[in-house]
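Structure file data17.cif with mmCIF, C-alpha atoms:
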data_my_file
#
loop_
_atom_site.label_atom_id
_atom_site.label_comp_id
_atom_site.auth_asym_id
_atom_site.auth_seq_id
_atom_site.Cartn_x
_atom_site.Cartn_y
_atom_site.Cartn_z
CA MET A 1 18.36 8.37 -20.29
CA THR A 2 18.71 12.13 -19.88
CA PRO A 3 21.76 13.67 -18.12
CA LEU A 4 19.41 15.06 -15.44
CA ARG A 5 18.02 11.61 -14.67
CA LYS A 6 21.54 10.16 -14.50
CA LYS A 7 22.54 12.93 -12.10
CA MET A 8 19.56 12.18 -9.86
CA ILE A 9 20.25 8.44 -9.82
CA LYS A 10 23.87 9.15 -8.88
CA ALA A 11 22.75 11.45 -6.04
CA MET A 12 20.39 8.77 -4.71
CA GLU A 13 23.01 6.02 -4.99
CA LEU A 14 25.54 8.12 -3.05
CA ARG A 15 23.01 8.46 -0.24
CA ASN A 16 22.25 4.72 -0.26
CA LEU A 17 18.54 5.15 -0.92
CA SER A 18 16.67 1.88 -1.37
CA PRO A 19 15.56 0.82 -4.89
CA ASN A 20 11.93 1.41 -3.91
CA THR A 21 12.71 4.94 -2.71
CA GLN A 22 14.68 5.66 -5.87
CA ARG A 23 11.80 4.53 -8.07
CA SER A 24 9.39 6.65 -6.03
CA TYR A 25 11.54 9.78 -6.31
CA LEU A 26 12.11 9.33 -10.05
CA SER A 27 8.38 8.78 -10.58
CA SER A 28 7.60 11.98 -8.65
CA VAL A 29 9.91 14.09 -10.81
CA ALA A 30 8.80 12.39 -14.04
CA GLY A 31 5.15 13.11 -13.19
CA LEU A 32 5.93 16.79 -12.69
CA ALA A 33 7.84 17.02 -15.99
CA LYS A 34 5.05 15.23 -17.88
CA HIS A 35 2.39 17.50 -16.39
CA TYR A 36 4.06 20.63 -17.77
CA ASN A 37 5.77 18.92 -20.73
CA LYS A 38 8.90 20.70 -19.60
CA SER A 39 12.25 19.80 -18.03
CA PRO A 40 11.72 19.77 -14.23
CA ASP A 41 14.81 21.91 -13.58
CA LYS A 42 13.09 24.78 -15.47
CA LEU A 43 10.07 24.90 -13.14
CA ASN A 44 9.62 27.30 -10.25
CA LYS A 45 8.08 27.09 -6.78
CA GLU A 46 4.63 28.27 -7.88
CA GLN A 47 4.44 25.70 -10.68
CA ILE A 48 5.44 22.90 -8.31
CA GLU A 49 2.80 23.93 -5.77
CA ASP A 50 0.15 24.17 -8.52
CA TYR A 51 1.05 20.62 -9.54
CA LEU A 52 0.67 19.38 -5.96
CA LEU A 53 -2.72 21.08 -5.76
CA TYR A 54 -3.68 19.36 -9.03
CA LEU A 55 -2.73 15.96 -7.56
CA LYS A 56 -4.83 16.64 -4.49
CA THR A 57 -7.94 18.21 -6.03
CA LYS A 58 -8.13 16.90 -9.59
CA LYS A 59 -6.44 13.51 -9.30
CA GLY A 60 -7.85 12.86 -5.83
CA LEU A 61 -4.60 11.57 -4.33
CA ALA A 62 -4.60 10.91 -0.59
CA PRO A 63 -2.50 13.26 1.60
CA GLY A 64 0.03 10.48 2.17
CA SER A 65 0.46 9.93 -1.57
CA VAL A 66 0.97 13.66 -2.16
CA ALA A 67 3.50 13.71 0.68
CA ILE A 68 5.52 10.99 -1.10
CA VAL A 69 5.63 13.16 -4.25
CA VAL A 70 6.71 16.17 -2.17
CA THR A 71 9.59 14.20 -0.65
CA GLY A 72 10.83 13.19 -4.09
CA LEU A 73 10.60 16.74 -5.43
CA ARG A 74 12.40 18.15 -2.39
CA PHE A 75 15.24 15.69 -2.94
CA PHE A 76 15.44 16.69 -6.59
CA CYS A 77 15.57 20.41 -5.79
CA THR A 78 18.07 20.07 -2.94
CA HIS A 79 20.50 17.43 -4.20
CA VAL A 80 20.17 17.44 -8.00
CA VAL A 81 19.52 20.96 -9.31
CA LYS A 82 20.84 22.61 -6.11
CA LYS A 83 17.94 25.05 -5.94
CA ASP A 84 16.57 26.33 -2.67
CA ILE A 85 12.87 25.96 -3.49
CA PRO A 86 10.84 25.67 -0.27
CA ILE A 87 7.74 23.65 -1.09
CA ASP A 88 4.85 24.70 1.14
CA TYR A 89 3.06 21.45 1.82
CA LYS A 90 2.20 20.15 5.25
CA ARG A 91 0.59 16.77 5.60
CA LYS A 92 -2.28 16.89 8.04
CA ARG A 93 -2.22 13.95 10.39
CA SER A 94 -5.59 12.32 10.16
CA GLY A 95 -7.35 10.43 12.89
CA ARG A 96 -9.39 8.56 10.30
CA LEU A 97 -9.37 4.79 10.38
CA PRO A 98 -8.17 2.81 7.35
CA THR A 99 -10.78 1.64 4.85
CA VAL A 100 -11.28 -2.13 4.82
CA LEU A 101 -13.16 -4.03 2.13
CA THR A 102 -15.01 -7.31 2.53
CA GLN A 103 -13.52 -10.46 1.03
CA LYS A 104 -16.25 -10.45 -1.61
CA GLN A 105 -15.35 -6.89 -2.62
CA ILE A 106 -11.68 -7.89 -2.83
CA TRP A 107 -12.55 -10.81 -5.11
CA ASP A 108 -14.77 -8.59 -7.25
CA ILE A 109 -11.83 -6.22 -7.79
CA ILE A 110 -9.38 -9.03 -8.56
CA ASN A 111 -11.76 -10.67 -11.03
CA ALA A 112 -12.56 -7.33 -12.68
CA ALA A 113 -9.00 -7.24 -14.05
CA ARG A 114 -9.27 -9.11 -17.36
CA ASN A 115 -5.55 -8.97 -18.09
CA PRO A 116 -4.11 -12.09 -16.36
CA LYS A 117 -0.98 -10.21 -15.26
CA HIS A 118 -3.05 -7.39 -13.76
CA ARG A 119 -5.26 -9.90 -11.97
CA LEU A 120 -2.24 -11.64 -10.48
CA ILE A 121 -0.68 -8.36 -9.34
CA LEU A 122 -3.82 -7.55 -7.34
CA MET A 123 -4.08 -11.08 -5.98
CA THR A 124 -0.44 -10.99 -4.86
CA ALA A 125 -0.83 -7.58 -3.17
CA TYR A 126 -3.84 -8.75 -1.14
CA SER A 127 -2.74 -12.30 -0.35
CA ALA A 128 0.64 -11.16 1.01
CA GLY A 129 -0.28 -7.74 2.41
CA LEU A 130 2.20 -5.92 0.16
CA ARG A 131 2.65 -2.24 -0.57
CA ALA A 132 2.42 -1.12 -4.22
CA GLY A 133 6.19 -0.62 -4.42
CA GLU A 134 6.83 -4.03 -2.89
CA VAL A 135 4.66 -5.77 -5.48
CA ALA A 136 6.47 -3.93 -8.27
CA ALA A 137 9.89 -4.94 -6.90
CA LEU A 138 9.11 -8.66 -6.51
CA LYS A 139 11.53 -10.98 -8.27
CA VAL A 140 11.02 -14.57 -9.40
CA GLU A 141 13.58 -15.71 -6.81
CA HIS A 142 11.53 -14.14 -4.00
CA ILE A 143 8.84 -16.84 -4.30
CA ASP A 144 9.90 -19.57 -1.86
CA GLN A 145 7.45 -22.39 -2.60
CA ARG A 146 9.31 -24.87 -0.39
CA ARG A 147 8.73 -22.76 2.73
CA MET A 148 5.54 -21.15 1.34
CA LEU A 149 6.89 -17.65 1.91
CA ILE A 150 7.46 -14.50 -0.13
CA LYS A 151 10.61 -12.51 0.51
CA VAL A 152 10.24 -8.74 0.50
CA GLU A 153 13.56 -6.99 -0.16
CA ASN A 154 14.17 -3.36 0.73
CA GLY A 155 10.71 -2.74 2.11
CA LYS A 156 9.83 0.45 3.94
CA GLY A 157 12.85 1.59 5.94
CA GLY A 158 15.15 -0.51 3.74
CA LYS A 159 14.31 -3.69 5.67
CA ASP A 160 13.83 -7.23 4.37
CA ARG A 161 11.06 -9.48 5.64
CA TYR A 162 9.09 -12.61 4.79
CA THR A 163 5.34 -12.76 4.37
CA THR A 164 2.72 -15.36 3.51
CA LEU A 165 2.59 -17.25 0.20
CA SER A 166 -0.95 -18.40 -0.47
CA SER A 167 -1.32 -21.90 -1.92
CA MET A 168 -4.01 -20.53 -4.26
CA LEU A 169 -1.66 -17.76 -5.37
CA LEU A 170 1.16 -20.26 -5.95
CA LYS A 171 -1.02 -22.24 -8.39
CA GLU A 172 -1.83 -19.04 -10.28
CA LEU A 173 1.83 -18.00 -10.31
CA LYS A 174 2.90 -21.32 -11.82
CA ARG A 175 0.42 -20.89 -14.68
CA TYR A 176 1.53 -17.29 -15.13
CA TYR A 177 5.21 -18.30 -15.24
CA LYS A 178 4.62 -20.92 -17.93
CA THR A 179 2.87 -18.33 -20.09
CA PHE A 180 4.98 -15.20 -19.59
CA ARG A 181 8.37 -16.60 -18.50
CA PRO A 182 9.50 -13.57 -16.47
CA LYS A 183 13.28 -13.50 -16.03
CA THR A 184 14.24 -11.18 -13.18
CA TYR A 185 11.20 -9.26 -11.98
CA LEU A 186 8.02 -11.21 -11.44
CA PHE A 187 5.91 -8.44 -12.97
CA PRO A 188 8.15 -6.55 -15.42
CA SER A 189 7.07 -3.25 -16.94
CA PHE A 190 4.70 -3.25 -19.91
CA ASP A 191 6.43 -0.19 -21.35
CA ARG A 192 8.69 -0.97 -24.32
CA ASN A 193 11.15 1.68 -23.16
CA ARG A 194 11.44 -0.01 -19.76
CA ARG A 195 11.41 -3.62 -20.88
CA GLY A 196 12.78 -5.92 -18.19
CA GLN A 197 12.50 -3.22 -15.52
CA PRO A 198 10.03 -3.35 -12.61
CA LEU A 199 6.61 -1.75 -12.77
CA THR A 200 6.31 1.78 -11.46
CA TYR A 201 4.34 2.65 -8.34
CA ALA A 202 1.89 4.59 -10.53
CA SER A 203 1.32 1.56 -12.77
CA VAL A 204 0.32 -0.66 -9.84
CA GLN A 205 -2.00 2.05 -8.52
CA GLY A 206 -3.55 2.48 -11.95
CA ILE A 207 -4.21 -1.26 -12.30
CA TYR A 208 -5.97 -1.31 -8.91
CA GLU A 209 -8.07 1.81 -9.52
CA LYS A 210 -9.22 0.64 -12.94
CA ALA A 211 -10.28 -2.75 -11.53
CA ARG A 212 -11.95 -1.20 -8.47
CA LYS A 213 -14.07 1.13 -10.57
CA LYS A 214 -14.94 -1.65 -13.01
CA ALA A 215 -16.03 -3.84 -10.07
CA GLY A 216 -18.30 -1.05 -8.84
CA VAL A 217 -16.57 -0.79 -5.46
CA LYS A 218 -16.97 2.86 -4.52
CA LYS A 219 -14.77 3.02 -1.42
CA GLY A 220 -11.17 2.00 -0.81
CA SER A 221 -9.12 4.12 -3.20
CA GLY A 222 -5.42 3.21 -3.44
CA THR A 223 -3.74 -0.19 -3.33
CA HIS A 224 -3.00 0.25 0.38
CA THR A 225 -6.64 -0.73 0.90
CA LEU A 226 -5.64 -4.30 -0.05
CA ARG A 227 -2.95 -4.24 2.65
CA HIS A 228 -5.39 -2.86 5.24
CA SER A 229 -7.90 -5.56 4.31
CA TYR A 230 -5.24 -8.30 4.51
CA ALA A 231 -4.33 -7.34 8.09
CA THR A 232 -7.93 -6.94 9.22
CA HIS A 233 -9.08 -10.23 7.68
CA LEU A 234 -6.21 -12.10 9.40
CA LEU A 235 -7.11 -10.47 12.72
CA GLU A 236 -10.77 -11.44 12.30
CA ALA A 237 -9.70 -15.01 11.53
CA GLY A 238 -8.13 -15.16 14.99
CA TYR A 239 -4.45 -14.70 14.21
CA ASP A 240 -2.18 -13.04 16.77
CA ILE A 241 -1.63 -9.33 16.21
CA ARG A 242 2.12 -9.62 16.88
CA ARG A 243 2.48 -12.14 14.06
CA ILE A 244 0.52 -9.84 11.79
CA GLN A 245 2.94 -7.05 12.76
CA VAL A 246 5.87 -9.17 11.55
CA LEU A 247 4.14 -10.03 8.27
CA LEU A 248 3.38 -6.37 7.59
CA GLY A 249 6.89 -5.25 8.54
CA HIS A 250 5.67 -2.68 11.06
CA ARG A 251 8.38 -1.39 13.36
CA ASN A 252 5.96 -0.65 16.21
CA LEU A 253 3.03 -2.74 17.39
CA THR A 254 1.06 0.50 17.83
CA THR A 255 0.89 0.84 14.04
CA THR A 256 -0.61 -2.64 13.69
CA MET A 257 -3.06 -2.12 16.55
CA VAL A 258 -5.08 0.31 14.44
CA TYR A 259 -6.69 -2.77 12.85
CA LEU A 260 -8.29 -3.60 16.19
CA HIS A 261 -10.42 -0.51 15.62
CA VAL A 262 -11.70 -1.65 12.21
CA SER A 263 -12.15 -5.37 12.85
CA LYS A 264 -15.89 -6.04 13.09
CA LYS A 265 -15.43 -9.38 14.83
CA THR A 266 -13.09 -7.90 17.43
CA LEU A 267 -15.45 -5.04 18.20
CA SER A 268 -18.70 -7.00 18.03
CA ALA A 269 -17.31 -9.57 20.50
CA ILE A 270 -17.49 -6.89 23.20
CA PRO A 271 -21.04 -6.44 24.52
CA SER A 272 -22.60 -3.11 25.32
CA PRO A 273 -22.95 -2.48 29.09
CA LEU A 274 -26.67 -2.06 28.39
CA ASP A 275 -26.81 -5.76 27.50
CA LEU A 276 -24.89 -6.72 30.65
CA TYR A 277 -27.67 -5.42 32.88
CA ASP A 278 -30.19 -8.07 33.94
CA PRO A 279 -33.37 -6.54 35.50
CA LYS A 280 -34.53 -9.97 36.75
CA GLN A 281 -31.31 -10.47 38.67
CA GLU A 282 -31.75 -7.03 40.20
CA GLU A 283 -35.31 -7.90 41.26
CA GLY A 284 -34.00 -11.04 43.00
CA ARG A 285 -31.55 -8.94 44.95
CA ASP A 286 -34.35 -6.60 46.06
CA HIS A 287 -36.38 -9.54 47.46
CA THR A 288 -33.36 -10.83 49.33
CA ASP A 289 -32.84 -7.43 50.90
CA ASP A 290 -36.48 -7.39 52.04
CA LYS A 291 -36.09 -10.76 53.83
CA ASP A 292 -33.04 -9.55 55.69
CA HIS A 293 -35.09 -6.74 57.15
#
Kindly present the structure from the file in structure tokens form.
Amino acid sequence: MTPLRKKMIKAMELRNLSPNTQRSYLSSVAGLAKHYNKSPDKLNKEQIEDYLLYLKTKKGLAPGSVAIVVTGLRFFCTHVVKKDIPIDYKRKRSGRLPTVLTQKQIWDIINAARNPKHRLILMTAYSAGLRAGEVAALKVEHIDQRRMLIKVENGKGGKDRYTTLSSMLLKELKRYYKTFRPKTYLFPSFDRNRRGQPLTYASVQGIYEKARKKAGVKKGSGTHTLRHSYATHLLEAGYDIRRIQVLLGHRNLTTTMVYLHVSKKTLSAIPSPLDLYDPKQEEGRDHTDDKDH
């Protein structure tokens, strides 16, 4: 571990950042250093902005994903190298609705992953509605088969929560455990240099994108699509939106209510006013009016 990385970890620990946030920030800085093959403390404002533009235009990262990288780089500049480097990036708030895949498309993506560990990572993300960082941080002890729940520690906002444990997933996890015998983290890193450590955010995203493209599913980039689909499929199955809010770990119900706008069953249950009009009933009223006169 380099002295610069140690210094950054110390700065994050002093500010009580969650493990997920720390991994995200470290990944952001590591990506920048790898892109230029140069120590990140030697880079200037223009190089950082060029890298962000590369992530957006060449890599095709969503605005939210780029914003996460920006946050990590700002922390690094402010608290680690003590450089006042204003990074000009403003995330445009989009009114676009989340992309939701069909259950068949989800299964096609899951089954496209030939590596059994990769397949199980995708299955876990969808079946429990987890973020990429939450899947990576899962530990063996978080699987509560007695209560059929999965514990999510240090989720977004540093909060813990419980979410659903699928009976189908549990069977797959038991087979996986017998084969791979994970010790601490359920899905430890494949990298020899990080043996025993959790997967990175980028690794989970890469697993999803590779499987999605192999399955021929053209829409729904990013693992968050699995989480969007999880919430929408539960809503379409008739489950209460407040319970879905708890499972997702949303602070405000307003955030969860966006899925009302993408649920086909919810929207199709409401008829058009054109279909509410009955010409025959109107004709009957006209005849009645004539008799009164």
Result set, the PyMOL selection byres ((chain A and resi 116) around 12) on current file, as a PyMOL selection string: chain A and resi 110-115+117-123+172-173+175-177+179-180+187+207
From A:Leu32, A:Leu97, A:Leu138, A:Val69, residue lying nearest Thr256 (chain A) [all atoms listed in the file]: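 Using all atoms listed in the file, Thr256 (chain A) sits closest to A:Leu97.
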Residue IDs satisfying the PyMOL selection byres ((chain A and resi 196) around 12), as a VMD selection string: chain A and resid 136 to 137 139 181 to 195 197 to 199
Which of A:Ala62, A:Leu26, A:Ala33, A:Val152 sits closest to Gly222 (chain A) [using only C-alpha atoms]: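 Of A:Ala62, A:Leu26, A:Ala33, A:Val152, the one nearest Gly222 (chain A), counting only C-alpha atoms, is A:Ala62.
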Residue with smallest distance to Gly133 (chain A) - pool A:Leu247, A:His233, A:Glu13, A:Ser24, counting only C-alpha atoms: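 Looking only at the distances to Gly133 (chain A), the closest residue turns out to be A:Ser24.
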Given all atoms listed in the file as the counted atoms, nearest of A:Thr2, A:Thr225, A:Thr78, A:Asn37 to Val100 (chain A):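 Looking at the shortest contact to Val100 (chain A), the residue is A:Thr225.
CA of Leu130 (chain A) is positioned 15.3 Å from CA of Arg251 (chain A).
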Please reconstruct the missing atoms of region 179-200 of chain A (target: N, CA and C atoms) and return them as a PDB file, keeping the file's coordinate frame.
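As a result, rebuild27.pdb now contains:
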ATOM      1  N   THR A 179       3.334 -19.150 -18.975  1.00  0.00           N
ATOM      2  CA  THR A 179       2.870 -18.330 -20.090  1.00  0.00           C
ATOM      3  C   THR A 179       3.813 -17.175 -20.412  1.00  0.00           C
ATOM      4  N   PHE A 180       4.238 -16.434 -19.372  1.00  0.00           N
ATOM      5  CA  PHE A 180       4.980 -15.200 -19.590  1.00  0.00           C
ATOM      6  C   PHE A 180       6.499 -15.330 -19.424  1.00  0.00           C
ATOM      7  N   ARG A 181       6.946 -16.356 -18.712  1.00  0.00           N
ATOM      8  CA  ARG A 181       8.370 -16.600 -18.500  1.00  0.00           C
ATOM      9  C   ARG A 181       9.148 -15.353 -18.046  1.00  0.00           C
ATOM     10  N   PRO A 182       8.741 -14.734 -16.946  1.00  0.00           N
ATOM     11  CA  PRO A 182       9.500 -13.570 -16.470  1.00  0.00           C
ATOM     12  C   PRO A 182      10.912 -13.988 -16.053  1.00  0.00           C
ATOM     13  N   LYS A 183      11.889 -13.142 -16.306  1.00  0.00           N
ATOM     14  CA  LYS A 183      13.280 -13.500 -16.030  1.00  0.00           C
ATOM     15  C   LYS A 183      13.744 -13.019 -14.655  1.00  0.00           C
ATOM     16  N   THR A 184      13.768 -11.718 -14.463  1.00  0.00           N
ATOM     17  CA  THR A 184      14.240 -11.180 -13.180  1.00  0.00           C
ATOM     18  C   THR A 184      13.065 -10.767 -12.304  1.00  0.00           C
ATOM     19  N   TYR A 185      12.347  -9.746 -12.755  1.00  0.00           N
ATOM     20  CA  TYR A 185      11.200  -9.260 -11.980  1.00  0.00           C
ATOM     21  C   TYR A 185       9.967 -10.093 -12.304  1.00  0.00           C
ATOM     22  N   LEU A 186       9.206 -10.382 -11.275  1.00  0.00           N
ATOM     23  CA  LEU A 186       8.020 -11.210 -11.440  1.00  0.00           C
ATOM     24  C   LEU A 186       6.986 -10.527 -12.337  1.00  0.00           C
ATOM     25  N   PHE A 187       6.849  -9.201 -12.163  1.00  0.00           N
ATOM     26  CA  PHE A 187       5.910  -8.440 -12.970  1.00  0.00           C
ATOM     27  C   PHE A 187       6.653  -7.295 -13.665  1.00  0.00           C
ATOM     28  N   PRO A 188       7.386  -7.598 -14.730  1.00  0.00           N
ATOM     29  CA  PRO A 188       8.150  -6.550 -15.420  1.00  0.00           C
ATOM     30  C   PRO A 188       7.252  -5.521 -16.077  1.00  0.00           C
ATOM     31  N   SER A 189       7.820  -4.359 -16.353  1.00  0.00           N
ATOM     32  CA  SER A 189       7.070  -3.250 -16.940  1.00  0.00           C
ATOM     33  C   SER A 189       6.508  -3.620 -18.312  1.00  0.00           C
ATOM     34  N   PHE A 190       5.342  -3.038 -18.613  1.00  0.00           N
ATOM     35  CA  PHE A 190       4.700  -3.250 -19.910  1.00  0.00           C
ATOM     36  C   PHE A 190       5.255  -2.271 -20.953  1.00  0.00           C
ATOM     37  N   ASP A 191       5.914  -1.236 -20.475  1.00  0.00           N
ATOM     38  CA  ASP A 191       6.430  -0.190 -21.350  1.00  0.00           C
ATOM     39  C   ASP A 191       7.632  -0.699 -22.154  1.00  0.00           C
ATOM     40  N   ARG A 192       7.593  -0.507 -23.471  1.00  0.00           N
ATOM     41  CA  ARG A 192       8.690  -0.970 -24.320  1.00  0.00           C
ATOM     42  C   ARG A 192      10.009  -0.302 -23.965  1.00  0.00           C
ATOM     43  N   ASN A 193       9.933   0.942 -23.505  1.00  0.00           N
ATOM     44  CA  ASN A 193      11.150   1.680 -23.160  1.00  0.00           C
ATOM     45  C   ASN A 193      11.739   1.223 -21.820  1.00  0.00           C
ATOM     46  N   ARG A 194      10.954   0.460 -21.056  1.00  0.00           N
ATOM     47  CA  ARG A 194      11.440  -0.010 -19.760  1.00  0.00           C
ATOM     48  C   ARG A 194      11.384  -1.537 -19.684  1.00  0.00           C
ATOM     49  N   ARG A 195      11.512  -2.170 -20.811  1.00  0.00           N
ATOM     50  CA  ARG A 195      11.410  -3.620 -20.880  1.00  0.00           C
ATOM     51  C   ARG A 195      12.415  -4.287 -19.929  1.00  0.00           C
ATOM     52  N   GLY A 196      11.915  -5.220 -19.134  1.00  0.00           N
ATOM     53  CA  GLY A 196      12.780  -5.920 -18.190  1.00  0.00           C
ATOM     54  C   GLY A 196      12.921  -5.226 -16.858  1.00  0.00           C
ATOM     55  N   GLN A 197      12.439  -3.975 -16.762  1.00  0.00           N
ATOM     56  CA  GLN A 197      12.500  -3.220 -15.520  1.00  0.00           C
ATOM     57  C   GLN A 197      11.212  -3.441 -14.710  1.00  0.00           C
ATOM     58  N   PRO A 198      11.238  -3.147 -13.415  1.00  0.00           N
ATOM     59  CA  PRO A 198      10.030  -3.350 -12.610  1.00  0.00           C
ATOM     60  C   PRO A 198       8.939  -2.343 -12.944  1.00  0.00           C
ATOM     61  N   LEU A 199       7.719  -2.686 -12.613  1.00  0.00           N
ATOM     62  CA  LEU A 199       6.610  -1.750 -12.770  1.00  0.00           C
ATOM     63  C   LEU A 199       6.818  -0.531 -11.902  1.00  0.00           C
ATOM     64  N   THR A 200       6.251   0.586 -12.291  1.00  0.00           N
ATOM     65  CA  THR A 200       6.310   1.780 -11.460  1.00  0.00           C
ATOM     66  C   THR A 200       5.191   1.729 -10.422  1.00  0.00           C
TER      67      THR A 200
END
